[in-house]
Each structure stands twice: as C-alpha cells, then as structure tokens.
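> Dropping in model-v4.tsv, with TSV, C-alpha atoms and all ligand atoms.
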chain	number	residue	atom	x	y	z
Y	1	MET	CA	19.97	149.08	-62.13
Y	2	LYS	CA	20.14	152.66	-63.43
Y	3	THR	CA	22.01	154.78	-60.92
Y	4	ALA	CA	22.34	158.50	-60.18
Y	5	ILE	CA	25.31	159.91	-58.26
Y	6	ILE	CA	24.65	163.25	-56.59
Y	7	THR	CA	27.29	165.17	-54.63
Y	8	GLY	CA	26.41	167.75	-52.00
Y	9	ALA	CA	23.05	166.03	-51.52
Y	10	SER	CA	22.70	166.93	-47.82
Y	11	SER	CA	21.41	170.50	-48.22
Y	12	GLY	CA	20.40	173.37	-50.48
Y	13	LEU	CA	20.30	172.78	-54.23
Y	14	GLY	CA	21.61	169.21	-53.90
Y	15	ARG	CA	18.66	168.20	-51.73
Y	16	GLU	CA	16.31	169.65	-54.34
Y	17	PHE	CA	17.98	167.64	-57.09
Y	18	VAL	CA	17.41	164.48	-55.07
Y	19	ARG	CA	13.79	165.38	-54.30
Y	20	GLN	CA	12.92	166.21	-57.90
Y	21	LEU	CA	15.06	163.80	-59.91
Y	22	ALA	CA	12.30	161.21	-60.32
Y	23	ASP	CA	9.89	163.85	-61.72
Y	24	VAL	CA	12.11	164.33	-64.79
Y	25	PHE	CA	14.09	161.06	-64.86
Y	26	PRO	CA	11.67	158.47	-63.47
Y	27	GLY	CA	13.65	155.47	-64.74
Y	28	ILE	CA	16.54	155.87	-62.28
Y	29	ASP	CA	16.07	153.43	-59.40
Y	30	CYS	CA	19.26	153.76	-57.39
Y	31	TYR	CA	20.74	156.93	-55.87
Y	32	TRP	CA	24.23	157.30	-54.45
Y	33	LEU	CA	24.15	160.40	-52.28
Y	34	ILE	CA	27.45	162.01	-51.26
Y	35	ALA	CA	28.21	164.60	-48.57
Y	36	ARG	CA	30.02	164.73	-45.24
Y	37	ARG	CA	26.84	164.81	-43.11
Y	38	ARG	CA	25.69	161.24	-43.48
Y	39	ASP	CA	22.83	161.69	-41.01
Y	40	ARG	CA	21.27	164.26	-43.35
Y	41	LEU	CA	21.65	161.86	-46.28
Y	42	GLU	CA	19.95	159.11	-44.28
Y	43	GLU	CA	17.03	161.45	-43.59
Y	44	MET	CA	16.74	162.03	-47.34
Y	45	ALA	CA	16.89	158.29	-47.99
Y	46	ALA	CA	14.02	157.70	-45.57
Y	47	GLY	CA	11.88	160.00	-47.72
Y	48	LEU	CA	12.57	157.96	-50.88
Y	49	PRO	CA	10.94	154.57	-50.16
Y	50	ASP	CA	10.67	153.65	-53.88
Y	51	LYS	CA	14.42	154.04	-54.49
Y	52	THR	CA	17.49	152.12	-53.48
Y	53	VAL	CA	19.56	154.80	-51.76
Y	54	GLU	CA	23.17	154.54	-50.68
Y	55	CYS	CA	24.47	157.26	-48.36
Y	56	LEU	CA	28.18	157.86	-48.80
Y	57	GLY	CA	29.58	160.05	-46.05
Y	58	LEU	CA	32.65	161.32	-47.87
Y	59	ASP	CA	34.75	164.47	-47.49
Y	60	LEU	CA	35.47	165.36	-51.11
Y	61	CYS	CA	38.32	167.66	-50.09
Y	62	ASP	CA	40.16	164.56	-48.94
Y	63	THR	CA	41.69	162.58	-51.82
Y	64	MET	CA	41.04	159.34	-49.89
Y	65	SER	CA	37.37	159.87	-50.78
Y	66	PHE	CA	38.31	159.43	-54.45
Y	67	VAL	CA	39.97	156.11	-53.62
Y	68	ALA	CA	36.84	154.97	-51.76
Y	69	LEU	CA	34.55	155.97	-54.63
Y	70	GLN	CA	36.77	154.35	-57.26
Y	71	GLU	CA	36.85	151.11	-55.27
Y	72	LYS	CA	33.05	151.12	-54.95
Y	73	LEU	CA	32.61	151.77	-58.68
Y	74	THR	CA	35.04	149.03	-59.62
Y	75	ALA	CA	33.46	146.52	-57.23
Y	76	GLU	CA	29.82	147.25	-58.12
Y	77	GLN	CA	30.07	148.22	-61.82
Y	78	PRO	CA	26.93	150.42	-61.66
Y	79	GLU	CA	25.16	151.72	-64.76
Y	80	VAL	CA	25.39	155.45	-63.98
Y	81	THR	CA	22.90	157.34	-66.13
Y	82	MET	CA	23.05	160.59	-64.14
Y	83	LEU	CA	25.96	162.34	-62.43
Y	84	ILE	CA	25.23	165.60	-60.61
Y	85	ASN	CA	28.39	167.42	-59.51
Y	86	ASN	CA	26.73	169.83	-57.10
Y	87	ALA	CA	28.95	169.97	-53.98
Y	88	GLY	CA	30.64	173.34	-53.76
Y	89	CYS	CA	31.61	176.17	-51.46
Y	90	GLY	CA	32.39	179.85	-51.88
Y	91	TYR	CA	34.14	182.00	-49.31
Y	92	LEU	CA	34.08	185.78	-49.28
Y	93	GLY	CA	37.49	187.39	-48.78
Y	94	SER	CA	40.34	188.87	-50.75
Y	95	LEU	CA	43.56	187.00	-51.44
Y	96	GLY	CA	46.01	187.56	-48.61
Y	97	GLN	CA	43.23	188.37	-46.12
Y	98	VAL	CA	41.71	184.91	-45.64
Y	99	GLU	CA	43.42	181.73	-44.43
Y	100	THR	CA	45.18	179.83	-47.20
Y	101	SER	CA	43.27	176.65	-46.32
Y	102	THR	CA	39.99	178.47	-46.94
Y	103	GLN	CA	41.07	179.66	-50.38
Y	104	THR	CA	42.40	176.26	-51.40
Y	105	ARG	CA	39.31	174.44	-50.07
Y	106	MET	CA	37.31	176.01	-52.93
Y	107	ILE	CA	39.81	174.63	-55.44
Y	108	ASP	CA	39.79	171.19	-53.78
Y	109	LEU	CA	36.01	170.87	-53.79
Y	110	ASN	CA	34.80	172.92	-56.76
Y	111	LEU	CA	37.57	171.85	-59.17
Y	112	ARG	CA	39.57	168.86	-58.04
Y	113	ALA	CA	36.69	166.76	-56.69
Y	114	LEU	CA	34.41	167.60	-59.63
Y	115	THR	CA	37.14	166.67	-62.10
Y	116	ALA	CA	38.15	163.48	-60.28
Y	117	ILE	CA	34.58	162.22	-59.86
Y	118	THR	CA	33.69	162.94	-63.48
Y	119	ASN	CA	36.80	161.12	-64.69
Y	120	MET	CA	36.03	158.12	-62.50
Y	121	VAL	CA	32.35	157.88	-63.38
Y	122	ILE	CA	32.39	158.36	-67.18
Y	123	PRO	CA	33.55	154.76	-67.88
Y	124	PHE	CA	30.36	153.57	-66.12
Y	125	MET	CA	28.03	155.80	-68.15
Y	126	PRO	CA	26.12	154.32	-71.12
Y	127	GLU	CA	24.84	156.22	-74.14
Y	128	GLY	CA	21.99	158.58	-73.27
Y	129	SER	CA	23.41	159.46	-69.84
Y	130	ARG	CA	23.53	162.99	-68.41
Y	131	ILE	CA	26.09	164.95	-66.43
Y	132	ILE	CA	25.07	168.12	-64.57
Y	133	ASN	CA	27.75	170.44	-63.21
Y	134	VAL	CA	26.72	173.20	-60.83
Y	135	SER	CA	28.49	176.38	-61.86
Y	136	SER	CA	27.35	179.94	-61.06
Y	137	ILE	CA	26.82	183.39	-62.49
Y	138	ALA	CA	30.24	183.94	-60.91
Y	139	SER	CA	31.63	182.07	-63.93
Y	140	PHE	CA	30.64	184.91	-66.29
Y	141	CYS	CA	33.12	187.48	-64.95
Y	142	PRO	CA	35.73	187.56	-62.13
Y	143	ASN	CA	34.24	188.73	-58.82
Y	144	PRO	CA	36.76	190.65	-56.68
Y	145	ARG	CA	36.55	189.55	-53.01
Y	146	MET	CA	35.47	186.16	-54.37
Y	147	THR	CA	38.22	185.85	-56.94
Y	148	VAL	CA	39.04	182.24	-56.16
Y	149	TYR	CA	35.39	181.19	-56.14
Y	150	SER	CA	34.58	182.91	-59.43
Y	151	SER	CA	37.70	181.41	-61.01
Y	152	THR	CA	36.67	177.92	-59.89
Y	153	LYS	CA	33.25	178.41	-61.45
Y	154	ALA	CA	34.79	179.74	-64.69
Y	155	TYR	CA	36.60	176.39	-64.78
Y	156	VAL	CA	33.35	174.48	-64.19
Y	157	SER	CA	31.59	176.22	-67.10
Y	158	SER	CA	34.60	175.86	-69.41
Y	159	PHE	CA	35.06	172.21	-68.37
Y	160	THR	CA	31.39	171.58	-69.17
Y	161	VAL	CA	31.62	173.00	-72.69
Y	162	GLY	CA	34.81	171.04	-73.46
Y	163	LEU	CA	33.52	167.80	-71.95
Y	164	SER	CA	30.19	168.03	-73.73
Y	165	GLU	CA	32.07	168.08	-77.04
Y	166	GLU	CA	34.32	165.19	-75.93
Y	167	LEU	CA	31.29	163.07	-75.02
Y	168	ARG	CA	29.15	163.94	-78.04
Y	169	ASP	CA	30.06	160.73	-79.90
Y	170	LYS	CA	29.25	158.66	-76.82
Y	171	GLY	CA	25.77	160.20	-76.66
Y	172	ILE	CA	26.33	161.62	-73.16
Y	173	THR	CA	25.23	165.22	-72.55
Y	174	VAL	CA	26.81	167.66	-70.10
Y	175	THR	CA	24.96	170.66	-68.67
Y	176	ALA	CA	26.29	173.47	-66.49
Y	177	VAL	CA	23.75	175.41	-64.46
Y	178	CYS	CA	24.70	178.99	-63.59
Y	179	PRO	CA	22.41	180.21	-60.81
Y	180	GLY	CA	22.51	183.60	-59.12
Y	181	PRO	CA	22.45	183.75	-55.32
Y	182	MET	CA	20.20	181.27	-53.54
Y	183	LYS	CA	19.20	181.34	-49.86
Y	184	THR	CA	21.01	178.18	-48.78
Y	185	GLU	CA	23.66	177.32	-46.17
Y	186	PHE	CA	26.21	178.44	-48.77
Y	187	LEU	CA	25.77	182.07	-47.65
Y	188	ASP	CA	26.57	181.41	-43.98
Y	189	VAL	CA	29.28	178.83	-44.67
Y	190	GLY	CA	31.01	181.33	-46.98
Y	191	ARG	CA	30.70	184.20	-44.44
Y	192	ILE	CA	28.72	186.15	-47.05
Y	193	THR	CA	25.62	186.88	-44.96
Y	194	GLY	CA	25.80	190.49	-43.75
Y	195	ASN	CA	29.20	191.09	-45.34
Y	196	SER	CA	28.43	191.78	-49.00
Y	197	LYS	CA	26.47	194.69	-50.44
Y	198	MET	CA	26.34	192.89	-53.78
Y	199	PHE	CA	24.68	189.80	-52.31
Y	200	ALA	CA	22.25	192.07	-50.40
Y	201	THR	CA	21.10	193.80	-53.60
Y	202	LEU	CA	21.03	191.04	-56.24
Y	203	PRO	CA	17.79	189.22	-57.08
Y	204	TYR	CA	17.73	185.72	-55.60
Y	205	CYS	CA	17.06	182.43	-57.33
Y	206	ASP	CA	14.84	179.84	-55.70
Y	207	GLN	CA	16.68	176.53	-55.41
Y	208	VAL	CA	13.45	174.55	-55.92
Y	209	ARG	CA	12.93	176.19	-59.31
Y	210	VAL	CA	16.63	176.06	-60.18
Y	211	ALA	CA	16.71	172.29	-59.63
Y	212	ALA	CA	13.54	171.76	-61.70
Y	213	GLY	CA	14.80	173.95	-64.55
Y	214	THR	CA	18.22	172.32	-64.53
Y	215	LEU	CA	16.84	168.79	-64.73
Y	216	ARG	CA	14.67	169.83	-67.68
Y	217	ALA	CA	17.66	171.55	-69.34
Y	218	ALA	CA	19.70	168.37	-68.88
Y	219	LYS	CA	16.90	166.28	-70.39
Y	220	ALA	CA	16.88	168.65	-73.38
Y	221	GLY	CA	20.66	168.26	-73.69
Y	222	ARG	CA	21.50	171.94	-73.14
Y	223	THR	CA	25.11	172.81	-72.37
Y	224	ILE	CA	24.69	176.01	-70.34
Y	225	TYR	CA	21.52	176.82	-68.42
Y	226	THR	CA	21.12	180.18	-66.66
Y	227	PRO	CA	17.98	180.55	-64.53
Y	228	ARG	CA	16.13	183.93	-64.43
Y	229	LEU	CA	15.91	186.49	-67.20
Y	230	PHE	CA	17.99	188.99	-65.19
Y	231	TYR	CA	20.98	186.62	-65.18
Y	232	LYS	CA	20.52	185.55	-68.81
Y	233	PHE	CA	20.88	189.25	-69.62
Y	234	TYR	CA	23.92	189.56	-67.32
Y	235	ARG	CA	25.56	186.64	-69.14
Y	236	VAL	CA	25.18	188.39	-72.49
Y	237	VAL	CA	26.45	191.71	-71.10
Y	238	ALA	CA	29.47	189.99	-69.52
Y	239	LYS	CA	30.28	188.44	-72.90
Y	240	VAL	CA	30.24	191.67	-74.87
Y	241	ALA	CA	31.41	194.32	-72.38
Y	242	PRO	CA	35.14	194.87	-71.69
Y	243	VAL	CA	36.23	192.67	-68.80
Y	244	LYS	CA	38.13	195.56	-67.16
Y	245	LEU	CA	34.82	197.41	-66.81
Y	246	MET	CA	32.79	194.35	-65.84
Y	247	VAL	CA	35.18	193.37	-63.06
Y	248	LYS	CA	34.66	196.75	-61.37
Y	249	LEU	CA	30.87	196.26	-61.43
Y	250	ALA	CA	31.06	192.62	-60.34
Y	251	LYS	CA	32.81	193.20	-57.00
Y	252	THR	CA	31.16	191.19	-54.24
R	1	LIG	N1	23.76	179.46	-52.78
R	1	LIG	C1	24.24	180.27	-53.72
R	1	LIG	O1	24.13	181.51	-53.62
R	1	LIG	C2	24.87	179.67	-54.96
R	1	LIG	C3	24.88	180.43	-56.13
R	1	LIG	C4	25.42	179.89	-57.29
R	1	LIG	C5	25.95	178.61	-57.26
R	1	LIG	N2	25.93	177.89	-56.11
R	1	LIG	C6	26.50	176.55	-56.13
R	1	LIG	O2	25.48	175.63	-55.82
R	1	LIG	C7	26.07	174.41	-55.31
R	1	LIG	C8	25.28	173.96	-54.11
R	1	LIG	O3	25.41	174.92	-53.11
R	1	LIG	P1	24.21	175.32	-52.14
R	1	LIG	O4	23.86	176.71	-52.41
R	1	LIG	O5	23.15	174.28	-52.18
R	1	LIG	O6	24.99	175.31	-50.75
R	1	LIG	P2	24.93	174.36	-49.48
R	1	LIG	O7	23.53	174.27	-48.96
R	1	LIG	O8	25.99	174.86	-48.57
R	1	LIG	O9	25.31	172.94	-50.06
R	1	LIG	C9	26.63	172.53	-50.29
R	1	LIG	C10	26.66	171.01	-50.35
R	1	LIG	O10	28.02	170.60	-50.59
R	1	LIG	C11	28.40	169.65	-49.60
R	1	LIG	N3	29.80	169.76	-49.27
R	1	LIG	C12	30.45	170.85	-48.80
R	1	LIG	N4	31.73	170.56	-48.54
R	1	LIG	C13	31.89	169.23	-48.85
R	1	LIG	C14	32.98	168.32	-48.78
R	1	LIG	N5	34.18	168.71	-48.35
R	1	LIG	N6	32.77	167.03	-49.15
R	1	LIG	C15	31.55	166.62	-49.57
R	1	LIG	N7	30.50	167.44	-49.68
R	1	LIG	C16	30.66	168.72	-49.31
R	1	LIG	C17	27.53	169.98	-48.38
R	1	LIG	O11	27.34	168.84	-47.58
R	1	LIG	P3	28.11	168.54	-46.19
R	1	LIG	O12	28.29	169.86	-45.49
R	1	LIG	O13	27.18	167.61	-45.49
R	1	LIG	O14	29.39	167.89	-46.59
R	1	LIG	C18	26.21	170.37	-49.04
R	1	LIG	O15	25.44	169.23	-49.30
R	1	LIG	C19	27.54	174.75	-55.07
R	1	LIG	O16	28.33	174.22	-56.12
R	1	LIG	C20	27.59	176.27	-55.12
R	1	LIG	O17	28.84	176.75	-55.53
R	1	LIG	C21	25.38	178.38	-54.96
Any chance you could put this one into structure tokens?

Amino acid sequence: MKTAIITGASSGLGREFVRQLADVFPGIDCYWLIARRRDRLEEMAAGLPDKTVECLGLDLCDTMSFVALQEKLTAEQPEVTMLINNAGCGYLGSLGQVETSTQTRMIDLNLRALTAITNMVIPFMPEGSRIINVSSIASFCPNPRMTVYSSTKAYVSSFTVGLSEELRDKGITVTAVCPGPMKTEFLDVGRITGNSKMFATLPYCDQVRVAAGTLRAAKAGRTIYTPRLFYKFYRVVAKVAPVKLMVKLAKT
C-alpha cells in the first residue's frame, strides 16, 4: 500500500497537508501522521474514512522516537511514496538571552529530526516518490533575534538542493517550501506574537494556499517553492544584495 509520512500533522500547515494530500496525490492510501499530540492526530484520522491512518505520538526532539520509527519501518516495510518533513519550531530571542534548551530545541527538531527521518525513510521510497521539506523565507538571509531559527532553515533549503541532486538517479524529487509568516500556533509557541515589529508588518501567507501550492510544486518536481510574489522578490533581492546590508533589514 502506498504510504505518506507527515510530521507535525497535528496543527497548522501540517494539518493542511494531510487534508489536501489526496487532492493532488490521490493514489496514496495509507498515512502515518506524526506529532506529540496524538489526540489531535486521531481527530484528523476520523475525518479521513477512505484512508488507513496510523497516528504516531512521537516527540521528535527525543532520539528514542527515531528508534521507534526505524523499528516500525523495518517491521512493516512500507512503500513510502511521500515524505513531508513539516514539524518545526522557531523561537524569538537573541543568543545568550533565551534558555539554552530553547535554542537547541530548534536544532533538534528542524535539523536533527528532519535529517534522521529522511535518512531512515529513503530506503523505503520507490522511483517516482516525493519528499517535501518545510523551510521558510528565513532561509534566504540570517534573521537577528531568530538567528538559530533562520540558520536551521538555511540548512533545510541547502539540504533539499543537495538531496534532490543525490536522488535524481533514483527518480525521487525533493521540494523545499519557503513560506512567509502564517497565522498558526507557531507564532504563540515561539513567543513571537506581540514581540516582533517585523512579524507585525510583513504580509502573511495562508497555510491552506501554501499547502496546495506546495503539493502542486512537489508534483511538478520543483526544488524550491516560494509562495507569494512579495517573497519571490525577497528571495531574489537576498541573493543579489550584500548580506551585511540584508541582515540589518531582516532583523525580527
Ligand atoms: N507559521 C509561520 O509563520 C511559519 C513560517 C515559515 C515556516 N514555517 C514552518 O512551517 C512548519 C509548520 O509550522 P506551523 O506554522 O504549522 O506551526 P504549528 O502549528 O506550531 O505546527 C508545528 C507542528 O510541529 C509539531 N511538533 C512540534 N514540536 C514537535 C516535536 N518535538 N515532536 C513532534 N512534532 C512536533 C506540532 O505538533 P505537536 O505540538 O502535537 O507535537 C505541530 O504539528 C514548521 O517547520 C515551521 O518552521 C512556519
């Protein structure tokens, strides 16, 4: 049975990926949904009567979750035709002013878990499969006050470009989506709400449209997908302008 694995499926953009996956990839019959809040995943599963849904309540900051996932993969040998690495977090706060565990949590989830899961799942992916990595506009230029977050997302975009070349011969495509701010739990979890002028002024992306556009971009085999014209333009500017100037403008 063709299987999709979606991390961070319990809220925000991840929920939208789950809701819309069948519109663009109707042939996938089994979903493995991953997040800590299993009750939320079970609610999602109840809304997908045509699919076989497995709810995996895993904390991806805990390396034991990798052991559990590897064991499940090895035991069940699924045919994974879609992997969506969506789980992520971003905390506002300069280095030295926020708890160390908060800064390292972004590395554990956005980098380590994404890398570990991708490495574990690729051997189960046949030709024609897709990987989607959720990056951010934060990957285009370092964002002071969110330096760790923007660095993790620079990794995600870079990882995507490298991996897509590695997997070209296997016929597996890899797409990074780079959305601007979205009104999801991310903003409250990251203590951004009410604390960032930048987030208060930037145009927002709608997660429903971001998910739809990303799934289409993955189907088309695109490597980097940036929703909204404003952010496509920002990506170009960030590429050509001196980084020392950009970093002053990109302060969160
Ligand atoms: N919202 C924005 O402004 C924005 C902008 C650009 C990019 N992004 C990216 O978009 C992605 C989705 O974020 P979102 O905006 O949809 O935020 P969100 O609503 O907070 O969703 C984050 C998801 O990640 C899961 N998650 C968090 N910590 C986890 C852990 N330790 N183990 C397993 N799962 C965990 C959460 O589930 P549980 O809490 O149930 O574990 C949730 O399902 C992230 O990669 C984020 O960096 C967001």
> Hey, what's within 12 Å of Gly96 in chain Y if we count all atoms listed in the file and toss same-chain stuff fewer than 3 positions away? As a PDB file with C-alpha atoms, keeping the file's coordinate frame, please?

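Here's the written file out_3.pdb:
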ATOM      1  CA  GLY Y  93      37.490 187.390 -48.780  1.00  0.00           C
ATOM      2  CA  GLU Y  99      43.420 181.730 -44.430  1.00  0.00           C
ATOM      3  CA  THR Y 100      45.180 179.830 -47.200  1.00  0.00           C
ATOM      4  CA  SER Y 101      43.270 176.650 -46.320  1.00  0.00           C
ATOM      5  CA  THR Y 102      39.990 178.470 -46.940  1.00  0.00           C
ATOM      6  CA  GLN Y 103      41.070 179.660 -50.380  1.00  0.00           C
ATOM      7  CA  ARG Y 145      36.550 189.550 -53.010  1.00  0.00           C
ATOM      8  CA  THR Y 147      38.220 185.850 -56.940  1.00  0.00           C
ATOM      9  CA  VAL Y 148      39.040 182.240 -56.160  1.00  0.00           C
TER      10      VAL Y 148
END
> How many Å separate CA of Arg216 in chain Y from CA of Glu16 in chain Y?
13.4 Å
> Suppose you want the space between CA of Gly14 in chain Y and CA of Asp188 in chain Y; what is it in Å?
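The value is 16.5 Å.
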> Can you list, as an MDAnalysis selection string, every protein, DNA or RNA residue that comes within 8 Å of Val156 in chain Y when you count all atoms listed in the file, leaving out same-chain residues fewer than 4 positions away?
chainID Y and resid 110:111 133:135 139 152 160 176
> Can you pull out every residue within 10 Å of Ala217 in chain Y, counting only C-alpha atoms, but drop anything in the same chain fewer than 3 positions away, and send it as JSON, numbers by chain?
{"Y": [132, 174, 175, 176, 177, 211, 212, 213, 214, 220, 221, 222, 223, 224, 225, 226]}
> Ligand LIG 1 (chain R): which residues are within 7 Å, counting only C-alpha atoms and all ligand atoms? Reply as an MDAnalysis selection string.
chainID Y and resid 7:14 34:38 58:61 86:90 109:110 134:137 178:187 189
> What is the CA of Met120 in chain Y-CA of Phe17 in chain Y distance in Å, reported with one decimal?
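These two atoms are separated by 21.1 Å.
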> Pick the closest to Glu71 in chain Y from Y:Val121, Y:Ala45, Y:Met198, Y:Ile131: which is it, counting all atoms listed in the file?
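The closest residue to Glu71 in chain Y is Y:Val121.
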> Using all atoms listed in the file, can you tell me which of Y:Leu92, Y:Leu114, Y:Ile122, Y:Ala238 comes closest to Gln77 in chain Y?
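Smallest separation from Gln77 in chain Y among the options: Y:Ile122.
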> Using all atoms listed in the file for the distances, tell me which of Y:Leu215, Y:Val237, Y:Val243, Y:Met125 is nearest to Gln20 in chain Y.
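Closest to Gln20 in chain Y, using all atoms listed in the file: Y:Leu215.
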> Just checking: using all atoms listed in the file, which residue out of Y:Leu163, Y:Ile192, Y:Met1, Y:Ala154 ends up closest to Pro78 in chain Y?
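Checking each of Y:Leu163, Y:Ile192, Y:Met1, Y:Ala154 against Pro78 in chain Y, counting all atoms listed in the file, the winner is Y:Met1.
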> So, counting all atoms listed in the file, which residue among Y:Leu229, Y:Met146, Y:Ile172, Y:Leu33 is closest to Thr81 in chain Y?
Y:Ile172
> Might you pull out every residue within 12 Å of Arg112 in chain Y, with all atoms listed in the file counted and same-chain residues fewer than 5 positions away left off, and present them as JSON, numbers by chain?
{"Y": [60, 61, 62, 63, 65, 66, 85, 87, 88, 104, 105, 106, 107, 117, 118, 119, 152, 153, 155, 156, 159]}
> Let me make sure I understand: among Y:Val236, Y:Arg228, Y:Thr252, Y:Val247, which one has the smallest atom-to-atom distance to Thr193 in chain Y if we use all atoms listed in the file?
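Among the listed residues, Y:Thr252 lies closest to Thr193 in chain Y.
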